[in-house]
$ cat data-v7.cif   # mmCIF, C-alpha atoms
data_final
#
loop_
_atom_site.label_atom_id
_atom_site.label_comp_id
_atom_site.auth_asym_id
_atom_site.auth_seq_id
_atom_site.Cartn_x
_atom_site.Cartn_y
_atom_site.Cartn_z
CA MET A 8 -7.32 2.13 -20.18
CA THR A 9 -3.94 2.46 -18.43
CA VAL A 10 -4.96 5.92 -17.22
CA ALA A 11 -8.22 4.52 -15.78
CA PHE A 12 -6.34 1.76 -13.93
CA LEU A 13 -3.77 4.27 -12.62
CA PHE A 14 -6.52 6.60 -11.38
CA LEU A 15 -8.37 3.70 -9.75
CA ALA A 16 -5.25 2.36 -8.03
CA ALA A 17 -4.25 5.77 -6.66
CA PHE A 18 -7.83 6.61 -5.61
CA LEU A 19 -8.44 3.33 -3.76
CA ALA A 20 -5.01 3.28 -2.09
CA SER A 21 -5.48 6.87 -0.93
CA ALA A 22 -9.04 6.26 0.27
CA VAL A 23 -8.02 3.28 2.40
CA GLU A 24 -5.08 5.10 4.01
CA MET A 25 -7.14 8.26 4.55
CA VAL A 26 -9.91 6.29 6.29
CA GLU A 27 -7.25 5.04 8.74
CA ALA A 28 -5.79 8.54 9.19
CA LEU A 29 -9.31 9.97 9.70
CA THR A 30 -9.88 7.62 12.65
CA ILE A 31 -6.84 9.07 14.46
CA VAL A 32 -7.67 12.68 13.54
CA LEU A 33 -11.30 12.39 14.67
CA ALA A 34 -10.38 10.73 17.97
CA VAL A 35 -7.83 13.45 18.79
CA GLY A 36 -9.90 16.36 17.45
CA ILE A 37 -13.13 15.43 19.24
CA THR A 38 -11.33 14.70 22.52
CA ARG A 39 -8.81 17.56 22.68
CA GLY A 40 -10.04 20.22 20.26
CA TRP A 41 -9.65 20.91 16.57
CA ARG A 42 -7.17 23.79 16.19
CA SER A 43 -3.89 21.96 16.91
CA THR A 44 -5.23 18.76 15.33
CA LEU A 45 -6.08 20.45 12.03
CA ILE A 46 -2.77 22.34 11.97
CA GLY A 47 -1.07 18.92 12.34
CA VAL A 48 -3.17 17.55 9.44
CA GLY A 49 -2.31 20.57 7.27
CA ALA A 50 1.43 20.31 8.04
CA ALA A 51 1.45 16.59 7.15
CA ALA A 52 -0.53 17.17 3.93
CA LEU A 53 1.91 19.94 2.95
CA THR A 54 4.90 17.66 3.65
CA LEU A 55 3.39 14.93 1.46
CA ALA A 56 2.64 17.43 -1.33
CA VAL A 57 6.27 18.67 -1.21
CA ILE A 58 7.57 15.06 -1.44
CA VAL A 59 5.38 14.36 -4.50
CA ALA A 60 6.16 17.74 -6.14
CA ALA A 61 9.91 17.34 -5.62
CA LEU A 62 10.41 13.66 -6.46
CA GLY A 63 7.74 13.25 -9.19
CA PRO A 64 9.31 15.52 -11.83
CA ALA A 65 12.84 14.44 -10.81
CA LEU A 66 12.02 10.83 -11.68
CA THR A 67 11.18 11.78 -15.26
CA LEU A 68 14.90 12.54 -15.75
CA VAL A 69 15.87 8.92 -14.97
CA PRO A 70 16.29 6.60 -18.03
CA ILE A 71 12.92 4.94 -18.62
CA ASP A 72 14.05 1.28 -18.47
CA ALA A 73 15.96 1.75 -15.20
CA LEU A 74 13.02 3.68 -13.75
CA ARG A 75 10.51 0.99 -14.72
CA LEU A 76 12.70 -1.77 -13.28
CA VAL A 77 13.06 -0.03 -9.89
CA VAL A 78 9.45 1.22 -9.80
CA GLY A 79 8.15 -2.20 -10.85
CA GLY A 80 10.11 -3.83 -8.02
CA LEU A 81 8.81 -1.31 -5.48
CA LEU A 82 5.20 -1.65 -6.62
CA LEU A 83 5.51 -5.44 -6.44
CA ALA A 84 6.94 -5.19 -2.90
CA PHE A 85 4.16 -2.81 -1.76
CA GLY A 86 1.43 -4.68 -3.64
CA LEU A 87 2.37 -8.11 -2.32
CA GLN A 88 2.34 -6.73 1.25
CA TRP A 89 -1.18 -5.30 0.75
CA LEU A 90 -2.48 -8.43 -1.01
CA ARG A 91 -0.91 -10.88 1.45
CA LYS A 92 -2.50 -9.12 4.44
CA ALA A 93 -5.87 -8.81 2.66
CA ILE A 94 -5.90 -12.53 1.80
CA LEU A 95 -4.94 -13.52 5.37
CA ARG A 96 -7.73 -11.29 6.72
CA ALA A 97 -10.31 -12.52 4.20
CA ALA A 98 -9.42 -16.13 5.05
CA GLY A 99 -9.78 -15.47 8.78
CA TYR A 100 -6.12 -15.94 9.80
CA VAL A 101 -5.75 -12.28 10.84
CA PRO A 102 -8.53 -10.17 12.42
CA LEU A 103 -10.12 -7.50 10.22
CA HIS A 104 -9.02 -3.90 10.76
CA ASP A 105 -11.37 -2.55 13.45
CA GLU A 106 -11.75 1.22 12.95
CA ALA A 107 -14.32 1.54 15.77
CA GLY A 108 -11.99 -0.23 18.23
CA ILE A 109 -8.97 1.85 17.18
CA TYR A 110 -11.08 5.01 17.51
CA GLU A 111 -12.05 4.16 21.10
CA ARG A 112 -8.44 3.33 22.05
CA GLU A 113 -7.16 6.58 20.51
CA ARG A 114 -9.86 8.58 22.35
CA ALA A 115 -8.97 6.96 25.68
CA ASP A 116 -5.24 7.70 25.10
CA ALA A 117 -6.03 11.30 24.09
CA GLU A 118 -8.09 11.85 27.26
CA GLN A 119 -5.33 10.54 29.53
CA ALA A 120 -2.41 12.34 27.85
CA GLY A 121 -1.06 15.43 29.61
CA HIS A 122 -1.34 18.97 28.22
CA VAL A 123 1.98 20.30 26.92
CA HIS A 124 1.87 23.54 24.92
CA ARG A 125 4.62 24.39 22.40
CA ALA A 126 4.51 27.13 19.76
CA GLY A 127 0.97 27.92 20.88
CA LEU A 128 -0.21 24.39 20.05
CA ASP A 129 -1.48 21.45 22.06
CA TRP A 130 1.60 19.37 21.25
CA TYR A 131 -0.09 15.96 21.70
CA SER A 132 -2.87 16.80 19.22
CA PHE A 133 -0.45 18.33 16.73
CA THR A 134 2.13 15.51 16.76
CA LEU A 135 -0.40 12.68 16.76
CA SER A 136 -2.43 14.05 13.85
CA PHE A 137 0.77 15.01 11.98
CA LYS A 138 2.33 11.56 12.40
CA GLY A 139 -0.96 9.77 11.66
CA VAL A 140 -1.56 11.58 8.38
CA LEU A 141 2.13 11.54 7.34
CA LEU A 142 2.71 7.84 7.99
CA GLU A 143 -0.60 6.73 6.42
CA GLY A 144 0.00 9.06 3.48
CA LEU A 145 3.65 8.20 2.84
CA GLU A 146 2.93 4.96 1.01
CA VAL A 147 0.30 6.72 -1.09
CA ALA A 148 2.82 9.45 -1.91
CA PHE A 149 5.29 6.81 -3.09
CA ILE A 150 2.62 5.06 -5.16
CA VAL A 151 1.68 8.39 -6.78
CA ILE A 152 5.34 9.15 -7.49
CA THR A 153 6.08 5.71 -8.94
CA PHE A 154 3.40 6.26 -11.57
CA ALA A 155 5.98 8.58 -13.18
CA ALA A 156 7.14 5.33 -14.79
CA ASP A 157 4.22 5.70 -17.21
CA ARG A 158 5.59 8.99 -18.59
CA GLY A 159 2.16 10.16 -19.74
CA GLY A 160 1.44 12.87 -17.17
CA SER A 161 0.51 10.07 -14.80
CA VAL A 162 1.90 11.75 -11.69
CA ALA A 163 -0.67 14.50 -12.22
CA ILE A 164 -3.42 11.91 -12.79
CA SER A 165 -2.56 9.86 -9.71
CA ALA A 166 -2.06 13.00 -7.58
CA SER A 167 -5.55 14.15 -8.67
CA ALA A 168 -6.93 10.74 -7.71
CA ALA A 169 -5.28 10.98 -4.28
CA ALA A 170 -6.66 14.51 -3.79
CA ALA A 171 -10.15 13.32 -4.82
CA ALA A 172 -9.96 10.45 -2.33
CA LEU A 173 -8.83 12.84 0.41
CA LEU A 174 -11.79 15.11 -0.34
CA VAL A 175 -14.32 12.25 -0.38
CA VAL A 176 -13.03 10.78 2.91
CA ALA A 177 -12.78 14.20 4.61
CA VAL A 178 -16.32 15.24 3.60
CA THR A 179 -17.72 11.85 4.62
CA GLY A 180 -15.87 12.10 7.94
CA VAL A 181 -17.34 15.55 8.63
CA LEU A 182 -20.85 14.30 7.79
CA VAL A 183 -20.58 11.07 9.80
CA ARG A 184 -18.53 12.58 12.68
CA GLY A 185 -17.17 9.16 13.54
CA PRO A 186 -14.79 6.49 12.23
CA LEU A 187 -15.76 5.11 8.83
CA SER A 188 -16.07 1.59 10.21
CA ARG A 189 -18.56 0.49 7.53
CA VAL A 190 -16.11 1.03 4.67
CA PRO A 191 -15.15 -2.43 3.29
CA GLU A 192 -11.48 -1.78 4.00
CA ASN A 193 -10.23 -5.28 3.37
CA LEU A 194 -11.94 -5.54 -0.01
CA LEU A 195 -10.39 -2.19 -0.98
CA LYS A 196 -6.95 -3.36 0.19
CA PHE A 197 -7.38 -6.57 -1.80
CA CYS A 198 -8.16 -4.53 -4.95
CA VAL A 199 -5.29 -2.09 -4.36
CA GLY A 200 -2.86 -4.99 -3.83
CA LEU A 201 -4.00 -6.56 -7.13
CA LEU A 202 -3.63 -3.27 -9.04
CA LEU A 203 -0.18 -2.59 -7.58
CA ILE A 204 1.23 -6.03 -8.43
CA THR A 205 -0.31 -5.75 -11.91
CA PHE A 206 1.50 -2.46 -12.63
CA GLY A 207 4.60 -3.74 -10.83
CA THR A 208 4.72 -6.84 -13.02
CA PHE A 209 4.07 -4.88 -16.21
CA TRP A 210 6.67 -2.16 -15.64
CA GLY A 211 9.19 -4.37 -13.85
CA ALA A 212 9.26 -6.85 -16.73
CA GLU A 213 9.43 -4.04 -19.33
CA GLY A 214 12.33 -2.49 -17.44
CA ALA A 215 14.08 -5.87 -17.49
CA GLY A 216 13.78 -5.95 -21.30
CA VAL A 217 10.51 -7.87 -21.81
CA SER A 218 8.03 -7.01 -24.58
CA TRP A 219 4.48 -7.82 -23.50
CA PRO A 220 2.23 -9.58 -26.03
CA GLY A 221 -0.46 -7.01 -26.95
CA GLU A 222 1.48 -4.25 -25.12
CA ASP A 223 -0.94 -2.25 -22.87
CA ALA A 224 -3.71 -4.80 -23.56
CA ALA A 225 -1.72 -7.22 -21.38
CA LEU A 226 -2.60 -5.17 -18.27
CA PRO A 227 -6.23 -6.38 -17.81
CA VAL A 228 -5.10 -9.94 -18.57
CA ILE A 229 -2.42 -9.81 -15.84
CA LEU A 230 -4.97 -8.25 -13.46
CA GLY A 231 -7.50 -10.99 -14.27
CA VAL A 232 -5.01 -13.81 -13.72
CA TYR A 233 -3.83 -12.38 -10.39
CA GLY A 234 -7.46 -11.77 -9.36
CA VAL A 235 -8.52 -15.36 -10.06
CA VAL A 236 -5.42 -16.80 -8.31
CA SER A 237 -5.89 -14.56 -5.25
CA PHE A 238 -9.61 -15.34 -4.97
CA GLY A 239 -8.77 -19.04 -5.23
CA LEU A 240 -6.15 -18.68 -2.48
CA VAL A 241 -8.71 -17.04 -0.16
CA GLN A 242 -11.11 -19.96 -0.70
CA LEU A 243 -8.35 -22.54 -0.22
CA LEU A 244 -7.05 -20.94 2.98
CA ARG A 245 -10.58 -20.60 4.39
CA ARG A 246 -11.13 -24.33 3.89
CA GLU A 247 -7.71 -25.20 5.33
CA ARG A 248 -8.29 -23.06 8.41
CA LEU A 249 -11.35 -25.10 9.27
CA VAL A 250 -9.43 -28.37 8.98
CA PRO A 251 -7.24 -29.04 12.06
CA ALA A 252 -3.52 -29.30 11.27
CA LYS A 253 -1.66 -32.56 11.89
CA THR A 254 0.63 -32.43 14.92
CA MET B 7 22.84 5.74 16.69
CA SER B 8 19.44 4.64 17.94
CA ARG B 9 17.78 7.29 15.73
CA LEU B 10 19.75 6.00 12.74
CA ALA B 11 18.69 2.44 13.59
CA ALA B 12 15.05 3.55 13.93
CA PHE B 13 15.29 5.33 10.57
CA GLY B 14 16.73 2.21 8.94
CA ARG B 15 14.09 0.00 10.56
CA PHE B 16 11.30 2.30 9.32
CA TRP B 17 12.48 2.01 5.70
CA TRP B 18 13.06 -1.74 6.02
CA ASP B 19 9.48 -2.20 7.32
CA PHE B 20 8.15 0.21 4.70
CA VAL B 21 9.70 -1.53 1.67
CA VAL B 22 10.36 -5.11 2.78
CA GLY B 23 7.46 -5.60 5.21
CA ASP B 24 6.69 -8.78 7.12
CA ASP B 25 8.37 -11.30 4.84
CA TRP B 26 11.91 -10.56 3.64
CA VAL B 27 11.92 -13.73 1.53
CA VAL B 28 9.32 -12.13 -0.77
CA ALA B 29 11.46 -9.01 -1.28
CA PHE B 30 14.55 -11.15 -1.95
CA GLY B 31 12.56 -13.38 -4.31
CA LEU B 32 11.35 -10.33 -6.26
CA VAL B 33 14.92 -9.11 -6.79
CA VAL B 34 15.96 -12.58 -8.00
CA ALA B 35 12.90 -12.84 -10.27
CA LEU B 36 13.54 -9.43 -11.86
CA ALA B 37 17.23 -10.26 -12.40
CA LEU B 38 16.33 -13.63 -13.92
CA THR B 39 13.77 -11.98 -16.21
CA GLY B 40 16.42 -9.52 -17.37
CA LEU B 41 18.93 -12.29 -18.06
CA VAL B 42 16.45 -14.39 -20.06
CA ALA B 43 15.07 -11.38 -21.98
CA HIS B 44 18.56 -10.27 -23.02
CA ASP B 45 19.15 -13.68 -24.60
CA ASP B 46 16.29 -12.81 -27.01
CA VAL B 47 13.98 -15.34 -25.37
CA ASP B 48 10.32 -14.46 -24.71
CA ALA B 49 10.34 -13.92 -20.93
CA TRP B 50 6.99 -12.17 -20.27
CA TRP B 51 5.63 -15.23 -18.45
CA LEU B 52 8.49 -15.46 -15.96
CA LEU B 53 7.68 -12.55 -13.62
CA PRO B 54 3.92 -13.30 -13.21
CA LEU B 55 4.81 -16.93 -12.47
CA ALA B 56 7.38 -15.83 -9.87
CA VAL B 57 4.91 -13.38 -8.28
CA VAL B 58 2.25 -16.07 -7.91
CA GLY B 59 4.86 -18.49 -6.54
CA LEU B 60 6.11 -15.96 -4.00
CA LEU B 61 2.56 -15.09 -2.90
CA VAL B 62 1.68 -18.76 -2.36
CA PHE B 63 5.00 -19.38 -0.55
CA SER B 64 4.56 -16.37 1.72
CA LEU B 65 0.95 -17.25 2.58
CA ARG B 66 1.99 -20.83 3.29
CA ARG B 67 4.68 -19.58 5.70
CA ALA B 68 2.20 -17.25 7.41
CA THR B 69 -0.56 -19.83 7.83
CA THR B 70 1.34 -23.01 8.71
CA ASP B 71 1.75 -22.07 12.38
CA ARG B 72 -1.74 -20.62 12.77
CA ARG B 73 -3.89 -23.65 11.99
CA ALA B 74 -5.62 -25.28 14.90
CA PRO B 75 -3.81 -28.39 16.24
CA ARG B 76 -5.69 -31.65 15.93
#

$ encode --input "data-v7.cif" --output "structure tokens"
Amino acid sequence: MTVAFLFLAAFLASAVEMVEALTIVLAVGITRGWRSTLIGVGAAALTLAVIVAALGPALTLVPIDALRLVVGGLLLAFGLQWLRKAILRAAGYVPLHDEAGIYERERADAEQAGHVHRAGLDWYSFTLSFKGVLLEGLEVAFIVITFAADRGGSVAISASAAAAALLVVAVTGVLVRGPLSRVPENLLKFCVGLLLITFGTFWGAEGAGVSWPGEDAALPVILGVYGVVSFGLVQLLRRERLVPAKT
Amino acid sequence: MSRLAAFGRFWWDFVVGDDWVVAFGLVVALALTGLVAHDDVDAWWLLPLAVVGLLVFSLRRATTDRRAPR
């Protein structure tokens, strides 16, 4: 069950970030050509793979309790950021992520940018696609690496999930040839946030010396409690937003 | 120096995000959980409670200024 949750968390987190990276890559590639853009994508993917391959196995050398404490804290920090934004968007306090709008802005910028060639590449296309994929993928790389805290070959499992998500998003992007604006991004971010704080709580507490009642069986219970609380908060904030504040 | 500052800012934004109080609260909650657990007291409930509290607190901070004035 833990493996299934780990796979799901890594897959969804990767899919969401890759949808955002795809928007940038498509806008640059369609506007300025594919060669330099795809070389930028490949260089970023390689960098991310090196980070995971170097840090993943190294973390298995750290004492397990210390690793779980630090990893738990990081997953809680990441997860609460994802969940907080998703709740604010679902409640209407922050606009939803608009992939179509971002795509149009990126295309307009790409059309207006000058042509500078370095190392035989259109430097604008290369750097923009490289930075887009690297920055969107960095958090996923850290999430994949932190699953080393499970010590059950979970880095390989979560890396496979991330690769599967990359493949699904890339193939869909090629077929659609446009930003994946119909993907329910906020719902996915809400789910990823819940999964990250669930693992963060479980490992963080274990690293601090806690024994969970039922051991691994506590995971779905924690997830359920956080899910109910978060859903309740969305409903509460939606109602509050419609009621004018006292001045 | 500005590159160093930009590097530091990137990692601060990456780990801490929009609300530093949440990150600080998490450190305190984990430390408190460790202290209670090492006194042989069942402390499994403490961290989930702190996480829910921090989430509510952070959302409250984010939404207070954004509601429409009467």

$ interface_residues --input "data-v7.cif" --of "chain A" --to "chain B" --cutoff "9 Å" --atoms "all atoms listed in the file" --output "MDAnalysis selection string"
chainID A and resid 76 80:81 83:85 87:88 90:91 94:95 100 146 204:205 208:209 211:220 229 232:233 236:237 240 244 247:254

$ closest_residue --input "data-v7.cif" --among "A:Val26, A:Val183, A:Leu13, A:Val140" --to "Leu53 (chain A)" --atoms "all atoms listed in the file"
A:Val140

$ resolve_selection --input "data-v7.cif" --expression "the PyMOL selection byres ((chain A and resi 31) around 10)" --output "list in words"
Met25, Val26, Glu27, Ala28, Leu29, Thr30, Val32, Leu33, Ala34, Val35, Gly36, Thr44, Glu106, Ile109, Tyr110, Glu111, Arg112, Glu113, Arg114, Ala117, Ser132, Leu135, Ser136, Phe137, Lys138, Gly139, Val140 and Pro186 of chain A

$ atom_distance --input "data-v7.cif" --atom1 "CA of Glu192 (chain A)" --atom2 "CA of Phe149 (chain A)"
20.1 Å

$ resolve_selection --input "data-v7.cif" --expression "the PyMOL selection byres ((chain A and resi 159-175) around 7)" --output "PyMOL selection string"
chain A and resi 13-14+17-18+21-22+25+63+151-152+154-155+157-158+176-179

$ atom_distance --input "data-v7.cif" --atom1 "CA of Gly234 (chain A)" --atom2 "CA of Leu19 (chain A)"
16.1 Å

$ residues_around --input "data-v7.cif" --residues "Ala93 (chain A)" --least-positions-apart "2" --cutoff "8 Å" --atoms "only C-alpha atoms" --output "count of residues only"
10

$ atom_distance --input "data-v7.cif" --atom1 "CA of Ala120 (chain A)" --atom2 "CA of Ala50 (chain A)"
21.7 Å

$ closest_residue --input "data-v7.cif" --among "A:Leu141, A:Val228, A:Leu195, A:Ala73" --to "Gly49 (chain A)" --atoms "only C-alpha atoms"
A:Leu141
